[in-house]
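Read through the structure below, which is laid out as structure tokens, and then see the notes.
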Amino acid sequence: MEHWVSSYGYVGVILGTFFEGETTLLLGGIFAKLGYLKLHKVIVCAFAGTYVGDCTFFFLGKILGKSFIDRSELLRSRLPLSNKIIQQHGHWILFMMRFLAGFRSVILLLLGCAGLKSRRFLVVNLFASLVWSGLGSLIGYLFANVVYIFVSDVKGYEKFVIPTIVVVSMAAILFYRHFIREKEEEQPNGD
């Protein structure tokens, strides 16, 4: 696994941060602390992935967002209020959405739909991406010692733990399938 992380870790950071990436960013920092990656390269890759990803979702919202909103009555009814909020607080929303795991892509699409100025978006997103990439990587880096203690402790047991997890999981799946099959056979056919 160490070889994979060293060889493909930076690509993983770029791809992971392109879409959402909080976990990817923390893992990049952890792997940097453990010596598999370089922290400054993790920060640069995270910045590149998140900035390009944000721009992609924002401009998708700008280009395709109106047609998507027009197809949904719920979204159409909420559009005036969301546009007003975005026009008033767009830069703060753009900065803060970075720290809301799981909502980034949707918020970026909405920001694009709301007509937020592209130049304003690019400048604020540049700053927010730099802060997020650096801060998230450093948090992963600083907390890597805690993770290392846990992982090094598990390494002694992995020869027993992993096979046990696999066997128990397979047994649960087989039991469940058998149970479902019995229930299906008990049900009347309806003929």
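Just remember, in the structure tokens the first chain shown is A, the second B, etc., residues are 1-based per chain, and ligands are 1-based in the order shown.
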
Long-range neighbours of Phe58 of chain A as a VMD selection string, 7 Å cut-off, only C-alpha atoms, 2 positions minimum in chain: chain A and resid 54 to 56 60 to 62 108 to 109 111 to 112

Residue with smallest distance to Glu20 of chain A - pool A:Gly65, A:Gly102, A:Pro80, A:Gly90, counting only C-alpha atoms: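 Using only C-alpha atoms, the shortest distance to Glu20 of chain A belongs to A:Gly102.
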
Atom CA of Asn125 of chain A to atom CA of Lys33 of chain A, straight-line distance in Å: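 Separating atom CA of Lys33 of chain A from atom CA of Asn125 of chain A is a distance of 27.2 Å.
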
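Between atom CA of Phe127 of chain A and atom CA of Ile139 of chain A there is a distance of 18.2 Å.
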
Selection: 12 Å around Tyr10 of chain A, only C-alpha atoms, excl. self and same-chain fewer than 4 positions, as a PyMOL selection string: chain A and resi 4-6+14-17+24-25+27-29+31-32+36-49

Interatomic distance, atom CA of Arg78 of chain A to atom CA of Phe99 of chain A (Å, one decimal):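 Taking atom CA of Arg78 of chain A as the start and atom CA of Phe99 of chain A as the end point, the length is 23.4 Å.
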
Surrounding residues of Met96 of chain A excluding itself and chain neighbours under 2 positions, 12 Å, only C-alpha atoms, as a short mmCIF file (atom, residue, chain, number, x, y, z; two decimals) with C-alpha atoms, in the first residue's frame:
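Contents of the output file out.cif:
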```cif
data_model
loop_
_atom_site.label_atom_id
_atom_site.label_comp_id
_atom_site.auth_asym_id
_atom_site.auth_seq_id
_atom_site.Cartn_x
_atom_site.Cartn_y
_atom_site.Cartn_z
CA HIS A 89 -23.64 37.47 0.73
CA GLY A 90 -22.16 35.58 -2.23
CA HIS A 91 -18.51 36.00 -1.25
CA TRP A 92 -19.16 34.79 2.32
CA ILE A 93 -21.20 31.86 1.06
CA LEU A 94 -18.42 31.01 -1.34
CA ARG A 98 -15.70 25.23 1.64
CA PHE A 99 -16.09 24.04 5.21
CA LEU A 100 -19.52 22.42 4.73
CA ALA A 101 -18.75 18.84 3.77
CA PHE A 103 -22.63 20.66 -0.04
CA ARG A 104 -19.86 22.27 -2.02
CA ILE A 107 -23.71 25.42 -3.62
CA LEU A 108 -21.32 26.10 -6.50
CA VAL A 124 -12.82 34.86 -3.79
CA ASN A 125 -12.51 31.20 -4.74
CA PHE A 127 -8.37 32.89 -1.70
CA ALA A 128 -10.80 30.35 -0.21
CA SER A 129 -9.12 27.45 -2.03
CA VAL A 131 -6.90 28.76 2.83
CA TRP A 132 -8.83 25.48 2.67
#
```

Which residue of A:Cys113, A:Val11, A:Leu34, A:Met170 approaches Phe68 of chain A most closely, using only C-alpha atoms: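 Checking each of A:Cys113, A:Val11, A:Leu34, A:Met170 against Phe68 of chain A, counting only C-alpha atoms, the winner is A:Cys113.
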
Picked from chain A by DSSP as alpha helix (DSSP H), as an NGL selection string: :A and (2-19 or 22-33 or 39-70 or 73-96 or 104-113 or 118-142 or 144-155 or 158-186)

Those same residues, written as a compact mmCIF listing (two decimals), in the first residue's frame with C-alpha atoms?
```
# COMPACT_ATOMS: atom_id res chain seq x y z
CA GLU A 2 2.87 2.37 0.77
CA HIS A 3 4.03 2.07 -2.85
CA TRP A 4 0.56 3.00 -4.16
CA VAL A 5 0.32 6.03 -1.90
CA SER A 6 3.81 7.22 -2.86
CA SER A 7 3.18 6.64 -6.57
CA TYR A 8 -0.41 7.83 -6.96
CA GLY A 9 -1.07 9.89 -3.83
CA TYR A 10 -0.80 13.28 -5.51
CA VAL A 11 -3.14 12.22 -8.32
CA GLY A 12 -5.55 10.97 -5.66
CA VAL A 13 -5.40 14.31 -3.86
CA ILE A 14 -6.15 16.19 -7.09
CA LEU A 15 -9.06 13.92 -8.02
CA GLY A 16 -10.46 13.75 -4.50
CA THR A 17 -10.41 17.48 -3.96
CA PHE A 18 -11.90 18.10 -7.39
CA PHE A 19 -15.25 16.68 -6.21
CA GLU A 22 -12.31 16.91 2.94
CA THR A 23 -11.33 13.32 3.67
CA THR A 24 -8.85 13.28 0.80
CA LEU A 25 -7.26 16.47 2.07
CA LEU A 26 -6.88 15.13 5.61
CA LEU A 27 -5.48 11.85 4.31
CA GLY A 28 -2.99 13.77 2.17
CA GLY A 29 -1.77 15.58 5.28
CA ILE A 30 -1.58 12.33 7.21
CA PHE A 31 0.40 10.60 4.46
CA ALA A 32 2.72 13.61 4.34
CA LYS A 33 3.41 13.29 8.06
CA LEU A 39 3.25 18.39 2.56
CA HIS A 40 3.90 21.30 0.20
CA LYS A 41 3.01 19.11 -2.80
CA VAL A 42 -0.17 17.93 -1.07
CA ILE A 43 -1.19 21.56 -0.52
CA VAL A 44 -0.45 22.48 -4.15
CA CYS A 45 -2.31 19.43 -5.51
CA ALA A 46 -5.26 20.06 -3.18
CA PHE A 47 -5.39 23.68 -4.27
CA ALA A 48 -5.27 22.73 -7.96
CA GLY A 49 -7.95 20.05 -7.59
CA THR A 50 -10.33 22.14 -5.54
CA TYR A 51 -9.90 25.31 -7.60
CA VAL A 52 -10.46 23.56 -10.92
CA GLY A 53 -13.35 21.54 -9.44
CA ASP A 54 -15.00 24.66 -8.04
CA CYS A 55 -14.65 26.48 -11.34
CA THR A 56 -16.10 23.48 -13.17
CA PHE A 57 -19.20 23.30 -10.97
CA PHE A 58 -19.65 27.08 -10.91
CA PHE A 59 -19.51 27.41 -14.69
CA LEU A 60 -21.73 24.35 -15.13
CA GLY A 61 -24.25 26.20 -12.99
CA LYS A 62 -23.80 29.32 -15.11
CA ILE A 63 -24.24 27.42 -18.39
CA LEU A 64 -26.74 24.66 -17.56
CA GLY A 65 -28.26 25.79 -14.29
CA LYS A 66 -31.21 27.77 -15.60
CA SER A 67 -32.58 24.84 -17.61
CA PHE A 68 -32.18 22.54 -14.60
CA ILE A 69 -33.99 24.98 -12.30
CA ASP A 70 -36.77 25.52 -14.84
CA GLU A 73 -41.08 23.66 -9.36
CA LEU A 74 -39.45 23.55 -5.92
CA LEU A 75 -36.20 25.06 -7.17
CA ARG A 76 -38.05 27.64 -9.28
CA SER A 77 -40.07 28.77 -6.26
CA ARG A 78 -36.94 29.18 -4.15
CA LEU A 79 -34.91 30.97 -6.82
CA PRO A 80 -35.83 34.61 -6.00
CA LEU A 81 -34.93 34.22 -2.32
CA SER A 82 -31.71 32.33 -3.06
CA ASN A 83 -30.71 34.92 -5.68
CA LYS A 84 -31.26 37.74 -3.19
CA ILE A 85 -29.19 35.99 -0.50
CA ILE A 86 -26.43 35.10 -2.95
CA GLN A 87 -26.24 38.66 -4.32
CA GLN A 88 -25.95 40.07 -0.80
CA HIS A 89 -23.64 37.47 0.73
CA GLY A 90 -22.16 35.58 -2.23
CA HIS A 91 -18.51 36.00 -1.25
CA TRP A 92 -19.16 34.79 2.32
CA ILE A 93 -21.20 31.86 1.06
CA LEU A 94 -18.42 31.01 -1.34
CA PHE A 95 -15.82 31.12 1.42
CA MET A 96 -17.88 29.27 4.05
CA ARG A 104 -19.86 22.27 -2.02
CA SER A 105 -20.87 21.07 -5.49
CA VAL A 106 -24.52 21.99 -5.02
CA ILE A 107 -23.71 25.42 -3.62
CA LEU A 108 -21.32 26.10 -6.50
CA LEU A 109 -23.99 25.14 -9.03
CA LEU A 110 -26.44 27.49 -7.30
CA LEU A 111 -23.90 30.30 -7.19
CA GLY A 112 -23.42 29.89 -10.93
CA CYS A 113 -27.18 29.88 -11.53
CA SER A 118 -17.38 35.34 -12.69
CA ARG A 119 -14.52 37.67 -11.76
CA ARG A 120 -15.79 37.96 -8.19
CA PHE A 121 -16.12 34.18 -8.00
CA LEU A 122 -12.61 33.54 -9.35
CA VAL A 123 -10.94 35.96 -6.92
CA VAL A 124 -12.82 34.86 -3.79
CA ASN A 125 -12.51 31.20 -4.74
CA LEU A 126 -8.76 31.61 -5.26
CA PHE A 127 -8.37 32.89 -1.70
CA ALA A 128 -10.80 30.35 -0.21
CA SER A 129 -9.12 27.45 -2.03
CA LEU A 130 -5.70 28.50 -0.76
CA VAL A 131 -6.90 28.76 2.83
CA TRP A 132 -8.83 25.48 2.67
CA SER A 133 -6.00 23.54 1.04
CA GLY A 134 -3.39 24.76 3.48
CA LEU A 135 -5.54 24.48 6.58
CA GLY A 136 -6.95 21.03 5.79
CA SER A 137 -3.55 19.60 4.88
CA LEU A 138 -2.01 21.00 8.05
CA ILE A 139 -4.79 19.57 10.22
CA GLY A 140 -4.20 16.14 8.69
CA TYR A 141 -0.47 16.58 9.14
CA LEU A 142 -0.77 17.64 12.79
CA ALA A 144 -1.24 12.16 11.92
CA ASN A 145 0.46 11.10 15.14
CA VAL A 146 -2.87 10.03 16.61
CA VAL A 147 -3.69 8.11 13.45
CA TYR A 148 -0.22 6.57 13.42
CA ILE A 149 -0.64 5.25 16.96
CA PHE A 150 -3.92 3.60 15.99
CA VAL A 151 -2.62 2.18 12.71
CA SER A 152 0.63 0.89 14.19
CA ASP A 153 -1.36 -0.85 16.92
CA VAL A 154 -3.69 -2.45 14.36
CA LYS A 155 -0.77 -3.67 12.23
CA GLU A 158 -4.19 -7.28 10.93
CA LYS A 159 -3.39 -10.93 10.13
CA PHE A 160 -6.29 -11.89 12.38
CA VAL A 161 -8.61 -8.88 12.15
CA ILE A 162 -8.93 -8.65 8.35
CA PRO A 163 -9.72 -12.37 7.79
CA THR A 164 -12.17 -12.28 10.69
CA ILE A 165 -13.96 -9.26 9.21
CA VAL A 166 -14.09 -10.95 5.79
CA VAL A 167 -15.44 -14.23 7.24
CA VAL A 168 -18.03 -12.51 9.43
CA SER A 169 -19.14 -10.30 6.52
CA MET A 170 -19.49 -13.27 4.17
CA ALA A 171 -21.40 -15.24 6.82
CA ALA A 172 -23.77 -12.30 7.36
CA ILE A 173 -24.36 -11.97 3.61
CA LEU A 174 -24.99 -15.71 3.18
CA PHE A 175 -27.30 -15.80 6.21
CA TYR A 176 -29.22 -12.79 4.92
CA ARG A 177 -29.57 -14.29 1.44
CA HIS A 178 -30.74 -17.59 2.93
CA PHE A 179 -33.22 -15.78 5.18
CA ILE A 180 -34.60 -13.75 2.25
CA ARG A 181 -34.86 -16.86 0.08
CA GLU A 182 -36.85 -18.64 2.83
CA LYS A 183 -39.18 -15.65 3.18
CA GLU A 184 -39.76 -15.58 -0.59
CA GLU A 185 -40.60 -19.29 -0.62
CA GLU A 186 -43.08 -18.82 2.27
```
